[in-house]
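Peer 1: Before I ask anything, here is the structure I am working with.
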Amino acid sequence: MKNKGCLSAGTIGIALLIIVAVLFFWGKSGYNNFVTKEQNVNTKWSNIETVYQKRANLIPNLERTVKSYSKFEQETLTKVVEARSKATSINIDPTNMTEQDIAKFQAAQGELSGALSRLMAVVESYPNLKADQQYINFQREYTAIENSIRTETVYYNEAAQDYNTSIKTFPNNILANFTNFKEKPYFKAEAGAQKAPEVFSE
């Protein structure tokens, strides 16, 4: 009886060690997986910021080109410059961002998009400016960047969905809660965002 008791205790001990080992390797694998997916989300967000910054970097050249036409409506141009300043002043930490952060970022970028659209609509009334090579170059770069923005936001949302699904499914959600991995917000498309910009005419 005594030997059976010792054997039983030993068996229990081995079983506990096996359970601890399984939990350790599962936890290690799960944690590393979360880190990899979160880093992918952060990288995709960085790509979004990069293409928006490229768009903002076009504004100074646009401003110089437009200013060379003295009769152009100054107020329209001023609103573009002010919107650019606001859009580039918003910085988001992707490791700790919220839906409110993305909404604020998108609102500022949307304000710049609107200001640019209004400016380009006004340019239609200035044939010489519309035909200016610098303005034509801006058109081409702007269209390419807008398409890149749409592409990068899709990539970000895909990465965020993959990460969020990973941390919310059982039993990963237990590990995610314990290790403080939080859900990432999505970049919400604006109306018509799936279409390429149609602000220029031939």
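Letters for chains follow the order of the structure tokens (A, B, ...), residue numbers begin at 1 for each chain, and ligand numbers begin at 1 in the order shown.
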Just want the 9 Å neighbourhood of stretch 162-176 of chain A, counted on only C-alpha atoms, with same-chain residues fewer than 5 positions away dropped. Output as a list in words.
Peer 2: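 Residues meeting the cut-off are Gly27, Gly30, Tyr31, Asn33, Phe34, Thr36, Lys37, Glu38, Asn40, Val41, Asn157, Phe181, Lys182, Glu183, Lys184 and Pro185 of chain A.
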Peer 1: Taking the chain letters and numbering used in this document, name the residues of stretch 16-189 of chain A that DSSP puts in helix (DSSP H, G or I), as a PyMOL selection string.
Peer 2: chain A and resi 16-67+74-88+99-123+127-130+133-168+172-179
Peer 1: Please provide the set of residues having any atom within 9 Å of A:Ala107, restricted to only C-alpha atoms, with same-chain residues fewer than 5 positions apart removed, written as a PDB file with C-alpha atoms, in the first residue's frame.
Peer 2:
ATOM      1  CA  ALA A  87      -3.093  66.829 -40.581  1.00  0.00           C
ATOM      2  CA  ILE A 102      -7.849  56.832 -35.645  1.00  0.00           C
ATOM      3  CA  LEU A 112      -7.096  68.061 -46.135  1.00  0.00           C
TER       4      LEU A 112
END
Peer 1: Need the shell around stretch 63-80 of chain A: protein/DNA/RNA residues with any atom at most 10 Å away, counting only C-alpha atoms. Skip same-chain ones fewer than 3 positions apart. Format as an MDAnalysis selection string?
Peer 2: chainID A and resid 56 58:60 83:86 111:120 122:123 125:126 128:130 132:135 138
Peer 1: Print the selection's residues with N, CA and C atoms to a file, as a PDB file, in the first residue's frame.
Peer 2:
ATOM      1  N   ALA A  56       1.176  65.045 -47.954  1.00  0.00           N
ATOM      2  CA  ALA A  56       1.404  66.354 -47.333  1.00  0.00           C
ATOM      3  C   ALA A  56       2.627  67.042 -47.920  1.00  0.00           C
ATOM      4  N   LEU A  58       3.546  67.074 -50.883  1.00  0.00           N
ATOM      5  CA  LEU A  58       3.250  67.660 -52.192  1.00  0.00           C
ATOM      6  C   LEU A  58       2.752  69.102 -52.079  1.00  0.00           C
ATOM      7  N   ILE A  59       2.215  69.448 -50.922  1.00  0.00           N
ATOM      8  CA  ILE A  59       1.532  70.741 -50.773  1.00  0.00           C
ATOM      9  C   ILE A  59       2.452  71.941 -50.999  1.00  0.00           C
ATOM     10  N   PRO A  60       3.671  71.971 -50.436  1.00  0.00           N
ATOM     11  CA  PRO A  60       4.522  73.146 -50.667  1.00  0.00           C
ATOM     12  C   PRO A  60       4.766  73.451 -52.139  1.00  0.00           C
ATOM     13  N   ALA A  83      -5.088  73.081 -43.531  1.00  0.00           N
ATOM     14  CA  ALA A  83      -5.493  71.681 -43.349  1.00  0.00           C
ATOM     15  C   ALA A  83      -4.268  70.772 -43.327  1.00  0.00           C
ATOM     16  N   ARG A  84      -3.277  71.084 -44.153  1.00  0.00           N
ATOM     17  CA  ARG A  84      -2.036  70.305 -44.153  1.00  0.00           C
ATOM     18  C   ARG A  84      -1.350  70.393 -42.800  1.00  0.00           C
ATOM     19  N   SER A  85      -1.298  71.606 -42.252  1.00  0.00           N
ATOM     20  CA  SER A  85      -0.651  71.814 -40.957  1.00  0.00           C
ATOM     21  C   SER A  85      -1.338  70.994 -39.860  1.00  0.00           C
ATOM     22  N   LYS A  86      -2.656  70.989 -39.895  1.00  0.00           N
ATOM     23  CA  LYS A  86      -3.424  70.235 -38.895  1.00  0.00           C
ATOM     24  C   LYS A  86      -3.209  68.731 -39.055  1.00  0.00           C
ATOM     25  N   GLU A 111     -10.164  66.403 -43.838  1.00  0.00           N
ATOM     26  CA  GLU A 111     -10.246  67.847 -44.010  1.00  0.00           C
ATOM     27  C   GLU A 111      -9.277  68.313 -45.092  1.00  0.00           C
ATOM     28  N   LEU A 112      -8.073  67.724 -45.102  1.00  0.00           N
ATOM     29  CA  LEU A 112      -7.096  68.061 -46.135  1.00  0.00           C
ATOM     30  C   LEU A 112      -7.583  67.582 -47.504  1.00  0.00           C
ATOM     31  N   SER A 113      -8.154  66.389 -47.553  1.00  0.00           N
ATOM     32  CA  SER A 113      -8.687  65.872 -48.817  1.00  0.00           C
ATOM     33  C   SER A 113      -9.758  66.808 -49.370  1.00  0.00           C
ATOM     34  N   GLY A 114     -10.635  67.270 -48.482  1.00  0.00           N
ATOM     35  CA  GLY A 114     -11.697  68.178 -48.907  1.00  0.00           C
ATOM     36  C   GLY A 114     -11.154  69.500 -49.416  1.00  0.00           C
ATOM     37  N   ALA A 115     -10.157  70.033 -48.696  1.00  0.00           N
ATOM     38  CA  ALA A 115      -9.553  71.309 -49.098  1.00  0.00           C
ATOM     39  C   ALA A 115      -8.868  71.169 -50.456  1.00  0.00           C
ATOM     40  N   LEU A 116      -8.181  70.047 -50.658  1.00  0.00           N
ATOM     41  CA  LEU A 116      -7.518  69.806 -51.948  1.00  0.00           C
ATOM     42  C   LEU A 116      -8.535  69.651 -53.074  1.00  0.00           C
ATOM     43  N   SER A 117      -9.624  68.966 -52.800  1.00  0.00           N
ATOM     44  CA  SER A 117     -10.662  68.781 -53.818  1.00  0.00           C
ATOM     45  C   SER A 117     -11.259  70.115 -54.235  1.00  0.00           C
ATOM     46  N   ARG A 118     -11.503  70.988 -53.243  1.00  0.00           N
ATOM     47  CA  ARG A 118     -12.058  72.311 -53.559  1.00  0.00           C
ATOM     48  C   ARG A 118     -11.070  73.135 -54.380  1.00  0.00           C
ATOM     49  N   LEU A 119      -9.782  73.055 -53.997  1.00  0.00           N
ATOM     50  CA  LEU A 119      -8.764  73.801 -54.733  1.00  0.00           C
ATOM     51  C   LEU A 119      -8.689  73.324 -56.178  1.00  0.00           C
ATOM     52  N   MET A 120      -8.698  72.016 -56.364  1.00  0.00           N
ATOM     53  CA  MET A 120      -8.565  71.479 -57.713  1.00  0.00           C
ATOM     54  C   MET A 120      -9.808  71.752 -58.561  1.00  0.00           C
ATOM     55  N   VAL A 122     -11.453  74.578 -58.294  1.00  0.00           N
ATOM     56  CA  VAL A 122     -11.253  75.979 -58.665  1.00  0.00           C
ATOM     57  C   VAL A 122     -10.247  76.093 -59.805  1.00  0.00           C
ATOM     58  N   VAL A 123      -9.222  75.230 -59.795  1.00  0.00           N
ATOM     59  CA  VAL A 123      -8.186  75.261 -60.847  1.00  0.00           C
ATOM     60  C   VAL A 123      -8.797  75.078 -62.232  1.00  0.00           C
ATOM     61  N   SER A 125     -11.065  76.533 -63.516  1.00  0.00           N
ATOM     62  CA  SER A 125     -11.398  77.839 -64.089  1.00  0.00           C
ATOM     63  C   SER A 125     -10.160  78.612 -64.531  1.00  0.00           C
ATOM     64  N   TYR A 126      -8.979  78.001 -64.352  1.00  0.00           N
ATOM     65  CA  TYR A 126      -7.716  78.662 -64.712  1.00  0.00           C
ATOM     66  C   TYR A 126      -6.966  77.788 -65.714  1.00  0.00           C
ATOM     67  N   ASN A 128      -4.557  78.236 -67.813  1.00  0.00           N
ATOM     68  CA  ASN A 128      -3.093  78.319 -67.819  1.00  0.00           C
ATOM     69  C   ASN A 128      -2.486  77.555 -66.645  1.00  0.00           C
ATOM     70  N   LEU A 129      -3.097  77.679 -65.478  1.00  0.00           N
ATOM     71  CA  LEU A 129      -2.614  76.954 -64.297  1.00  0.00           C
ATOM     72  C   LEU A 129      -2.830  75.458 -64.490  1.00  0.00           C
ATOM     73  N   LYS A 130      -3.973  75.093 -65.013  1.00  0.00           N
ATOM     74  CA  LYS A 130      -4.294  73.686 -65.249  1.00  0.00           C
ATOM     75  C   LYS A 130      -3.289  73.036 -66.201  1.00  0.00           C
ATOM     76  N   ASP A 132      -0.149  74.067 -66.525  1.00  0.00           N
ATOM     77  CA  ASP A 132       1.210  74.256 -66.013  1.00  0.00           C
ATOM     78  C   ASP A 132       1.838  72.895 -65.725  1.00  0.00           C
ATOM     79  N   GLN A 133       3.077  72.691 -66.160  1.00  0.00           N
ATOM     80  CA  GLN A 133       3.734  71.396 -65.999  1.00  0.00           C
ATOM     81  C   GLN A 133       3.881  70.995 -64.536  1.00  0.00           C
ATOM     82  N   GLN A 134       4.160  71.969 -63.679  1.00  0.00           N
ATOM     83  CA  GLN A 134       4.286  71.679 -62.248  1.00  0.00           C
ATOM     84  C   GLN A 134       2.963  71.169 -61.674  1.00  0.00           C
ATOM     85  N   TYR A 135       1.868  71.774 -62.135  1.00  0.00           N
ATOM     86  CA  TYR A 135       0.562  71.343 -61.659  1.00  0.00           C
ATOM     87  C   TYR A 135       0.218  69.958 -62.213  1.00  0.00           C
ATOM     88  N   PHE A 138       1.978  67.487 -60.177  1.00  0.00           N
ATOM     89  CA  PHE A 138       1.257  67.318 -58.901  1.00  0.00           C
ATOM     90  C   PHE A 138       0.078  66.365 -59.082  1.00  0.00           C
TER      91      PHE A 138
END
Peer 1: Between atom CA of A:Gln39 and atom CA of A:Ala160, what is the distance, to one decimal in Å?
Peer 2: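 Straight-line distance from atom CA of A:Gln39 to atom CA of A:Ala160 works out to 10.2 Å.
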Peer 1: What does the structure give for the distance between atom CA of A:Ile145 and atom CA of A:Tyr52, in Å to one decimal?
Peer 2: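 Separation of atom CA of A:Ile145 and atom CA of A:Tyr52: 7.9 Å.
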Peer 1: Within 12 Å of A:Lys104, counting only C-alpha atoms, which residues show up once you throw out same-chain ones fewer than 2 positions away? Write them as a PyMOL selection string, please.
Peer 2: chain A and resi 86-92+97-102+106-111+187-188
Peer 1: May I ask for the distance between atom CA of A:Thr95 and atom CA of A:Thr153, given in Å to one decimal place?
Peer 2: 16.9 Å
